[in-house]
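**Student:** File name start27.cif; file contents mmCIF, C-alpha atoms; full text below.
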data_my_file
#
loop_
_atom_site.label_atom_id
_atom_site.label_comp_id
_atom_site.auth_asym_id
_atom_site.auth_seq_id
_atom_site.Cartn_x
_atom_site.Cartn_y
_atom_site.Cartn_z
CA MET V 1278 0.00 0.00 0.00
CA LYS V 1279 1.08 3.63 -0.35
CA GLU V 1280 0.16 6.71 1.65
CA ALA V 1281 -2.18 8.96 -0.30
CA GLN V 1282 -1.25 12.52 -1.11
CA LEU V 1283 -4.75 13.95 -1.25
CA TYR V 1284 -5.92 14.09 2.35
CA ARG V 1285 -5.54 16.07 5.57
CA SER V 1286 -5.62 15.18 9.24
CA LEU V 1287 -8.59 16.36 11.31
CA GLY V 1288 -7.16 15.22 14.63
CA GLY V 1289 -8.02 12.26 16.80
CA GLY V 1290 -6.92 9.89 14.05
CA VAL V 1291 -9.67 11.09 11.68
CA VAL V 1292 -8.62 12.16 8.18
CA GLN V 1293 -10.42 13.93 5.35
CA CYS V 1294 -9.85 12.73 1.80
CA THR V 1295 -9.51 15.54 -0.74
CA ALA V 1296 -9.59 13.54 -3.98
CA CYS V 1297 -13.25 14.17 -4.82
CA PRO V 1298 -15.89 16.67 -3.66
CA ARG V 1299 -17.38 14.14 -1.25
CA ARG V 1300 -14.37 14.97 0.97
CA CYS V 1301 -15.04 11.89 3.07
CA LYS V 1302 -14.15 12.08 6.76
CA VAL V 1303 -12.67 8.70 7.56
CA SER V 1304 -12.03 7.23 11.01
CA PRO V 1305 -9.24 4.70 11.65
CA GLY V 1306 -9.99 1.25 10.28
CA LEU V 1307 -12.56 2.59 7.80
CA TRP V 1308 -12.54 3.83 4.19
CA GLY V 1309 -14.11 6.44 1.97
CA ALA V 1310 -17.14 6.03 -0.30
CA CYS V 1311 -14.94 4.83 -3.17
CA GLY V 1312 -13.84 1.81 -1.14
CA ILE V 1313 -10.13 2.02 -1.84
CA ARG V 1314 -8.84 4.96 0.27
CA TRP V 1315 -8.41 3.60 3.79
CA ASN V 1316 -7.53 5.19 7.13
CA ILE V 1317 -4.83 3.10 8.77
CA ASP V 1318 -3.68 4.43 12.13
CA GLY V 1319 -4.55 8.03 11.28
CA LYS V 1320 -3.07 8.10 7.78
CA LEU V 1321 -4.94 7.71 4.50
CA TYR V 1322 -3.61 4.98 2.24
CA LEU V 1323 -4.30 4.29 -1.42
CA MET V 1324 -4.93 0.58 -1.06
CA ASN V 1325 -5.16 -0.14 -4.78
CA TYR V 1326 -1.81 1.48 -5.56
CA GLY V 1327 -0.17 -0.85 -8.06
CA ARG V 1328 -3.20 -3.15 -8.19
CA ILE V 1329 -5.25 -3.05 -11.42
CA ILE V 1330 -8.38 -4.99 -12.32
CA ALA V 1331 -8.30 -4.52 -16.12
CA ALA V 1332 -5.75 -3.97 -18.89
CA HIS V 1333 -6.63 -3.61 -22.58
CA ILE V 1334 -5.44 -1.90 -25.73
CA ASP V 1335 -8.28 0.17 -27.21
CA PRO V 1336 -8.81 2.66 -30.04
CA ILE V 1337 -8.77 6.16 -28.61
CA GLU V 1338 -12.11 6.75 -30.35
CA LYS V 1339 -13.69 4.35 -27.84
CA LYS V 1340 -13.10 6.75 -24.94
CA PRO V 1341 -14.50 8.68 -26.92
CA LEU V 1342 -11.72 11.09 -27.90
CA PHE V 1343 -12.29 12.07 -31.55
CA HIS V 1344 -10.13 15.19 -31.59
CA PHE V 1345 -7.01 14.00 -29.77
CA ASN V 1346 -4.30 11.90 -31.44
CA PRO V 1347 -6.80 10.24 -33.80
CA GLY V 1348 -6.14 6.68 -34.84
CA SER V 1349 -3.98 5.98 -31.79
CA ALA V 1350 -3.95 2.88 -29.62
CA VAL V 1351 -4.28 3.44 -25.88
CA PHE V 1352 -3.30 1.18 -23.01
CA SER V 1353 -6.44 1.24 -20.84
CA ILE V 1354 -6.24 0.39 -17.15
CA ALA V 1355 -8.64 0.45 -14.21
CA THR V 1356 -8.88 -0.46 -10.54
CA THR V 1357 -11.82 -1.49 -8.40
CA GLY V 1358 -13.97 1.17 -6.75
CA CYS V 1359 -15.53 4.45 -7.85
CA SER V 1360 -16.60 7.81 -6.44
CA TRP V 1361 -20.05 7.48 -8.04
CA PHE V 1362 -22.81 4.88 -7.65
CA CYS V 1363 -24.31 4.95 -11.16
CA GLN V 1364 -27.25 2.57 -11.32
CA TYR V 1365 -26.71 2.08 -15.08
CA CYS V 1366 -22.94 1.49 -15.02
CA GLN V 1367 -21.78 -0.89 -17.74
CA ASN V 1368 -18.60 -1.53 -15.74
CA SER V 1369 -20.40 -2.12 -12.44
CA ASP V 1370 -18.59 -5.41 -11.88
CA ILE V 1371 -15.42 -3.44 -11.16
CA SER V 1372 -16.54 0.12 -10.39
CA GLN V 1373 -19.11 -0.91 -7.76
CA ARG V 1374 -16.94 -3.65 -6.32
CA ARG V 1375 -15.98 -2.66 -2.79
CA ARG V 1376 -13.12 -5.14 -2.53
CA VAL V 1377 -9.54 -4.05 -3.04
CA GLU V 1378 -8.16 -6.63 -5.45
CA GLY V 1379 -6.39 -6.94 -8.74
CA PHE V 1380 -3.13 -7.70 -10.50
CA GLU V 1381 -0.03 -6.36 -8.79
CA VAL V 1382 1.93 -4.05 -11.08
CA THR V 1383 4.43 -1.21 -10.93
CA PRO V 1384 4.31 2.00 -12.96
CA GLN V 1385 7.44 0.85 -14.79
CA LEU V 1386 5.88 -2.49 -15.75
CA LEU V 1387 2.81 -0.77 -17.19
CA VAL V 1388 4.89 1.69 -19.22
CA ASP V 1389 7.06 -1.17 -20.50
CA LEU V 1390 3.97 -3.15 -21.51
CA ALA V 1391 2.42 -0.14 -23.23
CA SER V 1392 5.60 0.37 -25.24
CA ALA V 1393 5.87 -3.32 -26.08
CA TYR V 1394 2.30 -3.39 -27.39
CA GLY V 1395 2.86 -0.29 -29.51
CA ALA V 1396 0.44 1.90 -27.58
CA HIS V 1397 0.69 5.65 -28.08
CA GLY V 1398 -0.57 6.52 -24.64
CA PHE V 1399 -2.59 5.56 -21.57
CA ALA V 1400 -6.28 5.83 -20.78
CA TYR V 1401 -7.24 5.61 -17.13
CA THR V 1402 -10.78 4.41 -17.54
CA TYR V 1403 -13.57 1.87 -16.78
CA ASN V 1404 -13.85 3.25 -13.23
CA GLU V 1405 -13.26 6.82 -12.02
CA PRO V 1406 -9.49 7.47 -12.23
CA THR V 1407 -9.58 10.34 -9.73
CA ILE V 1408 -9.84 7.84 -6.88
CA PHE V 1409 -6.45 6.36 -7.80
CA ILE V 1410 -4.93 9.57 -9.13
CA GLU V 1411 -1.68 9.25 -7.15
CA PHE V 1412 -0.97 5.95 -8.91
CA ALA V 1413 -2.08 7.33 -12.28
CA ARG V 1414 0.31 10.25 -11.75
CA ASP V 1415 3.26 7.94 -11.10
CA VAL V 1416 2.44 5.93 -14.25
CA GLY V 1417 1.78 9.10 -16.24
CA LEU V 1418 5.07 10.79 -15.45
CA LEU V 1419 6.99 7.70 -16.57
CA ALA V 1420 4.77 7.52 -19.66
CA HIS V 1421 5.76 11.07 -20.61
CA GLU V 1422 9.42 10.11 -20.37
CA LYS V 1423 8.72 7.44 -23.01
CA GLY V 1424 6.80 9.85 -25.25
CA LEU V 1425 3.39 8.41 -24.30
CA PHE V 1426 0.37 10.59 -23.55
CA ASN V 1427 -2.14 10.28 -20.71
CA SER V 1428 -5.93 10.54 -20.84
CA PHE V 1429 -8.77 10.23 -18.34
CA VAL V 1430 -12.29 8.98 -18.92
CA SER V 1431 -13.84 10.77 -15.97
CA ASN V 1432 -17.05 11.85 -14.30
CA GLY V 1433 -15.33 15.18 -13.65
CA TYR V 1434 -16.12 15.00 -9.94
CA MET V 1435 -12.77 16.39 -8.85
CA THR V 1436 -11.41 18.79 -6.27
CA ASP V 1437 -8.96 21.62 -6.89
CA GLU V 1438 -6.35 19.49 -5.15
CA ALA V 1439 -6.95 16.58 -7.53
CA ILE V 1440 -6.80 18.89 -10.55
CA GLU V 1441 -3.41 20.15 -9.40
CA VAL V 1442 -2.13 16.58 -9.37
CA ALA V 1443 -3.75 15.85 -12.74
CA SER V 1444 -2.11 18.88 -14.30
CA GLN V 1445 1.29 17.29 -13.65
CA PHE V 1446 0.73 14.53 -16.21
CA LEU V 1447 -2.72 14.61 -17.86
CA ASP V 1448 -2.96 15.50 -21.56
CA ALA V 1449 -6.62 14.86 -22.39
CA VAL V 1450 -9.88 14.08 -20.65
CA THR V 1451 -13.37 12.98 -21.60
CA VAL V 1452 -15.89 14.16 -19.02
CA ASP V 1453 -19.28 12.43 -19.01
CA LEU V 1454 -22.03 14.70 -17.68
CA LYS V 1455 -24.69 11.93 -17.32
CA GLY V 1456 -28.35 12.66 -17.98
CA ASN V 1457 -27.71 16.21 -19.27
CA ALA V 1458 -26.23 17.05 -15.84
CA ASN V 1459 -29.74 17.26 -14.40
CA GLU V 1460 -29.48 17.65 -10.62
CA SER V 1461 -32.43 15.38 -9.83
CA PHE V 1462 -31.03 12.69 -12.13
CA LEU V 1463 -27.62 12.86 -10.47
CA ARG V 1464 -29.12 12.63 -6.99
CA ARG V 1465 -31.40 9.70 -7.79
CA PHE V 1466 -29.30 7.56 -10.13
CA VAL V 1467 -25.70 8.55 -9.36
CA GLY V 1468 -25.60 9.52 -5.70
CA VAL V 1469 -24.13 13.03 -5.94
CA PRO V 1470 -25.97 16.15 -4.78
CA SER V 1471 -25.08 18.66 -7.49
CA PRO V 1472 -23.40 18.98 -10.90
CA GLU V 1473 -21.64 22.22 -9.96
CA PRO V 1474 -18.29 20.62 -8.95
CA ILE V 1475 -18.21 18.91 -12.36
CA PHE V 1476 -18.60 22.17 -14.25
CA GLU V 1477 -15.93 23.83 -12.11
CA SER V 1478 -13.55 20.93 -12.72
CA ILE V 1479 -14.07 21.05 -16.47
CA LYS V 1480 -13.22 24.74 -16.58
CA ALA V 1481 -10.13 24.22 -14.42
CA LEU V 1482 -8.89 21.35 -16.60
CA LYS V 1483 -9.36 23.44 -19.74
CA GLU V 1484 -7.53 26.39 -18.17
CA ARG V 1485 -4.55 24.13 -17.50
CA GLY V 1486 -4.21 23.30 -21.18
CA ILE V 1487 -5.68 19.79 -20.96
CA HIS V 1488 -7.66 18.77 -24.05
CA VAL V 1489 -11.33 18.39 -23.08
CA GLU V 1490 -14.16 16.53 -24.81
CA ILE V 1491 -17.64 16.24 -23.31
CA THR V 1492 -19.92 13.23 -23.39
CA ASP V 1493 -23.52 13.11 -22.21
CA LEU V 1494 -25.22 9.79 -21.56
CA VAL V 1495 -28.84 10.41 -22.55
CA VAL V 1496 -31.11 8.15 -20.49
CA PRO V 1497 -34.67 7.96 -21.85
CA GLY V 1498 -37.45 9.19 -19.62
CA VAL V 1499 -35.27 10.24 -16.70
CA GLY V 1500 -32.25 12.01 -18.18
CA ASP V 1501 -33.21 13.31 -21.62
CA ASP V 1502 -34.76 16.74 -21.09
CA LEU V 1503 -34.03 19.00 -24.07
CA GLY V 1504 -34.12 22.08 -21.87
CA ASP V 1505 -31.25 20.64 -19.84
CA ALA V 1506 -29.42 19.78 -23.05
CA ARG V 1507 -29.79 23.37 -24.24
CA ARG V 1508 -28.48 24.79 -20.97
CA VAL V 1509 -25.48 22.44 -21.00
CA SER V 1510 -24.73 23.24 -24.64
CA ARG V 1511 -24.90 26.97 -23.96
CA TRP V 1512 -22.58 26.55 -20.98
CA ILE V 1513 -20.05 24.65 -23.10
CA VAL V 1514 -20.11 27.34 -25.78
CA ASP V 1515 -19.71 30.14 -23.24
CA GLU V 1516 -17.15 28.54 -20.92
CA LEU V 1517 -15.16 26.11 -23.09
CA GLY V 1518 -15.70 27.45 -26.60
CA PRO V 1519 -17.82 26.39 -29.59
CA GLU V 1520 -15.08 24.09 -30.94
CA THR V 1521 -15.33 21.76 -27.93
CA PRO V 1522 -16.31 18.27 -29.16
CA VAL V 1523 -19.56 16.99 -27.62
CA HIS V 1524 -20.82 13.39 -27.81
CA PHE V 1525 -24.41 12.40 -26.99
CA LEU V 1526 -24.27 8.72 -26.05
CA ARG V 1527 -27.00 6.15 -26.40
CA PHE V 1528 -28.01 4.45 -23.16
CA HIS V 1529 -28.20 0.65 -23.04
CA PRO V 1530 -29.91 -1.26 -20.19
CA ASP V 1531 -27.42 -2.42 -17.57
CA TYR V 1532 -26.82 -3.09 -13.87
CA LYS V 1533 -29.82 -1.82 -11.86
CA MET V 1534 -31.59 -0.17 -14.81
CA MET V 1535 -32.38 -3.17 -16.96
CA ASN V 1536 -36.01 -2.00 -17.15
CA VAL V 1537 -35.09 1.18 -19.04
CA PRO V 1538 -35.02 0.77 -22.85
CA PRO V 1539 -32.18 1.98 -25.10
CA THR V 1540 -32.30 5.65 -25.98
CA PRO V 1541 -34.31 6.21 -29.18
CA VAL V 1542 -32.02 7.45 -31.94
CA GLU V 1543 -34.53 10.24 -32.57
CA THR V 1544 -33.95 11.51 -29.01
CA LEU V 1545 -30.21 11.65 -29.62
CA GLU V 1546 -30.76 13.49 -32.89
CA LYS V 1547 -32.90 16.08 -31.11
CA HIS V 1548 -30.12 16.59 -28.56
CA ALA V 1549 -27.57 17.00 -31.34
CA LYS V 1550 -29.77 19.57 -33.10
CA VAL V 1551 -30.10 21.57 -29.89
CA ALA V 1552 -26.31 21.57 -29.44
CA ILE V 1553 -25.73 22.64 -33.04
CA ASP V 1554 -28.38 25.37 -32.75
CA GLU V 1555 -26.56 26.69 -29.68
CA GLY V 1556 -23.38 27.06 -31.72
CA LEU V 1557 -21.34 23.92 -31.07
CA LYS V 1558 -19.30 23.00 -34.15
CA TYR V 1559 -18.40 19.37 -33.46
CA VAL V 1560 -21.42 17.38 -32.27
CA TYR V 1561 -21.53 13.59 -32.32
CA ILE V 1562 -23.88 10.72 -31.55
CA GLY V 1563 -22.27 7.72 -29.86
CA ASN V 1564 -23.16 4.03 -29.52
CA VAL V 1565 -25.06 4.10 -32.83
CA PRO V 1566 -22.60 2.60 -35.36
CA GLY V 1567 -23.06 3.93 -38.87
CA HIS V 1568 -24.94 7.08 -37.88
CA GLU V 1569 -24.11 10.19 -39.89
CA LEU V 1570 -23.18 12.02 -36.68
CA GLU V 1571 -20.26 9.70 -36.07
CA ASN V 1572 -18.49 11.68 -38.78
CA THR V 1573 -16.67 14.99 -38.48
CA ARG V 1574 -17.77 17.71 -40.86
CA CYS V 1575 -15.82 20.85 -41.59
CA PRO V 1576 -17.58 23.71 -39.76
CA SER V 1577 -16.74 25.97 -42.70
CA CYS V 1578 -17.65 24.08 -45.89
CA GLY V 1579 -19.74 21.26 -44.41
CA ARG V 1580 -17.86 18.44 -46.16
CA VAL V 1581 -17.11 15.19 -44.33
CA ILE V 1582 -13.47 15.38 -43.29
CA VAL V 1583 -13.37 12.30 -41.03
CA ARG V 1584 -15.67 9.38 -41.79
CA ARG V 1585 -16.12 6.77 -39.06
CA TRP V 1586 -17.92 3.53 -38.35
CA GLY V 1587 -18.03 2.89 -34.64
CA PHE V 1588 -14.46 3.26 -33.42
CA ARG V 1589 -12.93 2.86 -36.88
CA ILE V 1590 -11.74 5.69 -39.10
CA LEU V 1591 -12.72 5.02 -42.73
CA GLU V 1592 -11.70 8.27 -44.40
CA TRP V 1593 -9.38 11.17 -43.50
CA ASN V 1594 -9.56 14.49 -45.30
CA ILE V 1595 -7.46 16.74 -43.06
CA GLU V 1596 -4.05 18.01 -44.16
CA ASN V 1597 -1.73 19.88 -41.80
CA GLY V 1598 -4.59 20.48 -39.41
CA LYS V 1599 -6.85 21.96 -42.09
CA CYS V 1600 -9.81 20.83 -44.18
CA LYS V 1601 -8.39 19.63 -47.47
CA TYR V 1602 -11.40 21.02 -49.33
CA CYS V 1603 -11.55 24.61 -48.09
CA GLY V 1604 -8.46 25.08 -45.91
CA ALA V 1605 -10.35 25.87 -42.69
CA ALA V 1606 -8.49 25.07 -39.46
CA ILE V 1607 -9.86 22.00 -37.65
CA ASN V 1608 -9.72 21.62 -33.88
CA ILE V 1609 -7.86 18.31 -33.69
CA LYS V 1610 -4.89 17.98 -31.35
CA GLY V 1611 -2.12 15.68 -32.58
CA GLU V 1612 -1.45 13.96 -35.86
CA LEU V 1613 -3.29 11.01 -37.36
CA LYS V 1614 -1.49 7.87 -36.21
CA PRO V 1615 -0.44 5.24 -38.78
CA THR V 1616 -2.43 2.62 -36.83
CA TRP V 1617 -5.73 4.24 -37.85
CA ARG V 1618 -6.48 1.45 -40.33
CA GLU V 1619 -5.61 -1.35 -37.90
CA ASP V 1620 -7.68 -3.34 -35.44
CA ARG V 1621 -6.68 -1.63 -32.21
CA PHE V 1622 -8.46 -3.95 -29.77
CA VAL V 1623 -6.02 -6.18 -27.89
CA GLN V 1624 -6.56 -8.12 -24.68
CA VAL V 1625 -3.41 -7.73 -22.58
CA PRO V 1626 -2.65 -10.98 -20.67
CA ILE V 1627 -1.77 -9.14 -17.49
CA HIS V 1628 -2.03 -12.38 -15.53
CA LEU V 1629 1.20 -13.55 -17.19
CA PHE V 1630 3.11 -10.62 -15.70
CA SER V 1631 1.74 -10.38 -12.17
CA ASN V 1632 -0.11 -12.00 -9.28
CA TYR V 1633 -3.76 -11.44 -8.45
CA THR V 1634 -4.31 -10.48 -4.83
CA GLU V 1635 -7.06 -9.24 -2.54
CA VAL V 1636 -6.45 -6.94 0.41
CA LYS V 1637 -8.41 -7.29 3.63
CA LEU V 1638 -8.18 -5.16 6.73
CA SER V 1639 -6.60 -8.08 8.58
CA ASP V 1640 -3.76 -8.09 6.03
CA VAL V 1641 -2.70 -4.51 6.66
CA LYS V 1642 -0.25 -5.10 9.51
CA GLY V 1643 1.93 -7.29 7.33
CA MET V 1644 1.84 -5.14 4.20
CA ARG V 1645 4.79 -3.21 2.85
CA ILE V 1646 4.33 0.53 2.56
CA ILE V 1647 5.60 1.67 -0.81
CA GLY V 1648 8.15 4.44 -0.47
CA GLU V 1649 9.20 3.42 3.03
CA GLU V 1650 11.55 0.76 4.32
CA ALA V 1651 9.96 -2.68 4.56
#
Starting from the file, give its structure as structure tokens.

**Tutor:**
Amino acid sequence: MKEAQLYRSLGGGVVQCTACPRRCKVSPGLWGACGIRWNIDGKLYLMNYGRIIAAHIDPIEKKPLFHFNPGSAVFSIATTGCSWFCQYCQNSDISQRRRVEGFEVTPQLLVDLASAYGAHGFAYTYNEPTIFIEFARDVGLLAHEKGLFNSFVSNGYMTDEAIEVASQFLDAVTVDLKGNANESFLRRFVGVPSPEPIFESIKALKERGIHVEITDLVVPGVGDDLGDARRVSRWIVDELGPETPVHFLRFHPDYKMMNVPPTPVETLEKHAKVAIDEGLKYVYIGNVPGHELENTRCPSCGRVIVRRWGFRILEWNIENGKCKYCGAAINIKGELKPTWREDRFVQVPIHLFSNYTEVKLSDVKGMRIIGEEA
């Protein structure tokens, strides 16, 4: 285990975690809402440091990041636990698992594996990476030394303290607003009281030069109000700029919301129209392979400059960062990677490189503290 950076002592052995806006107050022998930040003898420890539950190579478009290093392959990792309790989570088997377990790894091993598999960068994803941000930072700094980038797939529920740590290594982030960031939706189906910390985090990440794309999971009947979509779109235009990519994602039944049907494509199209009417230049529909709004059109001439099918790029009509038809500048960060035509899905056999372990409170006394003498 390793002592966390993001916490402060409140006295009497009680600590307050500062990784997410919950700011959990944790007594000795207990842990925060995420399940992986434990108070041991008056200090907060990141119990999943160097312990991952998943490792895959993915297309960056799966995150989805359409405007950052297109065509690249990303080494995607996750741990158990999460700061949110989404009732529809498609990764609930790991994010809602309140057991600290996984494959034991070091930052160096992960960077070596990413290089060996030809990945261009890392994606910290599948669960909320903010809860293990100290470990992500240690991996990310080594990744930069090898010329690899770092990206988060995040709920954006971050503190100023966490954003300061993220700014040390993070290059890009996808923030998913969930249900048009409707406060009632977030309270009922996610377990957070307000979307305001998310909006503040997004602005702070953008101000620090981190590439930002926004996704919005549109949940039919409970998180699909067009008025909310209009307010969010206007906020993005005003605070982040009209060239910010926005993805409206189709909901699929999962976890505790199996009774809710998939989002009608028509609903997604109405959301996209609202966003475009509000002035957003790059608006997409996700989880609907083959839809016209998977493509990127030049905001100037209207021609298709990137044609996609799902996570695959089929056609590329951008030259030197400009539309090849009219010469307009296109808001895409990084060059098209030569792997854009390849199948970029690879299962990494992490079990061949490490041991799978579970940590229980009774194990703590015998555990080595990383960074201190054994």

**Student:** Rounded to one decimal place, report the CA of His1524 in chain V-CA of Gly1556 in chain V distance in Å.

**Tutor:**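 Separation of CA of His1524 in chain V and CA of Gly1556 in chain V: 14.4 Å.
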
**Student:** In Å, with one decimal, what is the gap from CA of Asn1536 in chain V to CA of Glu1460 in chain V?

**Tutor:**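 These two atoms are separated by 21.7 Å.
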
**Student:** Taking 4 positions as the minimum chain separation for residues in the same chain, which residues sit within 12 Å of Val1303 in chain V when counting all atoms listed in the file? Answer as a ChimeraX atom specification.

**Tutor:** /V:1284-1295,1299,1307-1322

**Student:** Can you list what the PyMOL selection byres ((chain V and resi 1364) around 7) grabs from this structure, as a JSON list (two decimals) with C-alpha atoms, in the frame of the given file?

**Tutor:**
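The resulting file, out-v5.json, is reproduced below:
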[["chain", "number", "residue", "atom", "x", "y", "z"],
["V", 1362, "PHE", "CA", -22.81, 4.88, -7.65],
["V", 1363, "CYS", "CA", -24.31, 4.95, -11.16],
["V", 1365, "TYR", "CA", -26.71, 2.08, -15.08],
["V", 1366, "CYS", "CA", -22.94, 1.49, -15.02],
["V", 1466, "PHE", "CA", -29.30, 7.56, -10.13],
["V", 1467, "VAL", "CA", -25.70, 8.55, -9.36],
["V", 1532, "TYR", "CA", -26.82, -3.09, -13.87],
["V", 1533, "LYS", "CA", -29.82, -1.82, -11.86],
["V", 1534, "MET", "CA", -31.59, -0.17, -14.81]]

**Student:** Once you count all atoms listed in the file, which residues end up no further than 10 Å from (-15.0, 24.3, -30.5) in the file's frame, shown as an NGL selection string?

**Tutor:** :V and (1490 or 1513-1514 or 1517-1523 or 1556-1560 or 1576 or 1607-1609)

**Student:** Of the residues V:Glu1555, V:Val1625, V:Arg1508, V:Asn1632, which is the one nearest to Val1351 in chain V, using all atoms listed in the file?

**Tutor:** V:Val1625

**Student:** Out of V:Asp1370, V:Asp1448, V:Glu1441, V:Glu1411, which residue has the shortest atom-to-atom distance to Phe1399 in chain V when counting all atoms listed in the file?

**Tutor:**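 With all atoms listed in the file as the atom set, the closest residue is V:Asp1448.
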
**Student:** What residues come out when you apply the PyMOL selection byres ((chain V and resi 1404) around 7) to this file, written as a ChimeraX atom specification?

**Tutor:** /V:1355-1356,1358-1359,1372,1402-1403,1405-1406

**Student:** Let me see the file: selected residues, C-alpha atoms, as a compact mmCIF listing (two decimals), keeping the file's coordinate frame.

**Tutor:**
# COMPACT_ATOMS: atom_id res chain seq x y z
CA ALA V 1355 -8.64 0.45 -14.21
CA THR V 1356 -8.88 -0.46 -10.54
CA GLY V 1358 -13.97 1.17 -6.75
CA CYS V 1359 -15.53 4.45 -7.85
CA SER V 1372 -16.54 0.12 -10.39
CA THR V 1402 -10.78 4.41 -17.54
CA TYR V 1403 -13.57 1.87 -16.78
CA GLU V 1405 -13.26 6.82 -12.02
CA PRO V 1406 -9.49 7.47 -12.23

**Student:** With distances taken over all atoms listed in the file, which residue among V:Lys1550, V:Ala1396, V:Gly1587, V:Leu1390 lies nearest Phe1630 in chain V?

**Tutor:**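 The shortest atom-to-atom distance to Phe1630 in chain V comes from V:Leu1390.
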
**Student:** Take CA of Leu1570 in chain V and CA of Ile1337 in chain V and report the distance between them in Å, one decimal.

**Tutor:** 17.5 Å

**Student:** With the file shown as input, list the residues that the PyMOL selection byres ((chain V and resi 1445) around 10) selects, as a ChimeraX atom specification.

**Tutor:** /V:1414-1415,1417-1418,1440-1444,1446-1448,1485

**Student:** From the list V:Lys1302, V:Asp1501, V:Phe1426, V:Leu1419, which residue is nearest Phe1462 in chain V when using all atoms listed in the file?

**Tutor:** V:Asp1501

**Student:** My list of candidates is V:Asn1597, V:Thr1407, V:Ser1478, V:Thr1634. Which is closest to Cys1297 in chain V when distances are computed with only C-alpha atoms?

**Tutor:**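 The shortest atom-to-atom distance to Cys1297 in chain V comes from V:Thr1407.
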
**Student:** Out of V:Phe1528, V:Phe1343, V:Val1382, V:Glu1438, which residue has the shortest atom-to-atom distance to Gly1498 in chain V when counting all atoms listed in the file?

**Tutor:**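 Looking only at the distances to Gly1498 in chain V, the closest residue turns out to be V:Phe1528.
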
**Student:** Residues at most 10 Å from Leu1494 in chain V, counting only C-alpha atoms, excluding those fewer than 5 positions away in the same chain, as a list in words?

**Tutor:**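 Near neighbours after the sequence-gap exclusion: Asp1453, Leu1454, Lys1455, Gly1456, Asn1457, Ala1458, Gly1500, Asp1501, His1524, Phe1525, Leu1526, Arg1527, Phe1528, His1529, Thr1540, Leu1545 and Gly1563 of chain V.
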
**Student:** Tell me, as a PyMOL selection string, which residues lie within 9 Å of Thr1544 in chain V, counting all atoms listed in the file; anything in the same chain fewer than 3 positions away does not count.

**Tutor:** chain V and resi 1495+1497+1501+1503+1540-1541+1547-1549

**Student:** Write out as a ChimeraX atom specification the residues lying within 9 Å of Phe1345 in chain V, counting all atoms listed in the file and excluding same-chain residues fewer than 4 positions away.

**Tutor:** /V:1337-1338,1349,1449,1488,1609-1613

**Student:** For Pro1615 in chain V, list every protein, DNA or RNA residue within 12 Å, evaluated using only C-alpha atoms, and leave out those in the same chain fewer than 4 positions away; present the list as an NGL selection string.

**Tutor:** :V and (1346-1350 or 1395-1397 or 1590 or 1593 or 1619-1621)
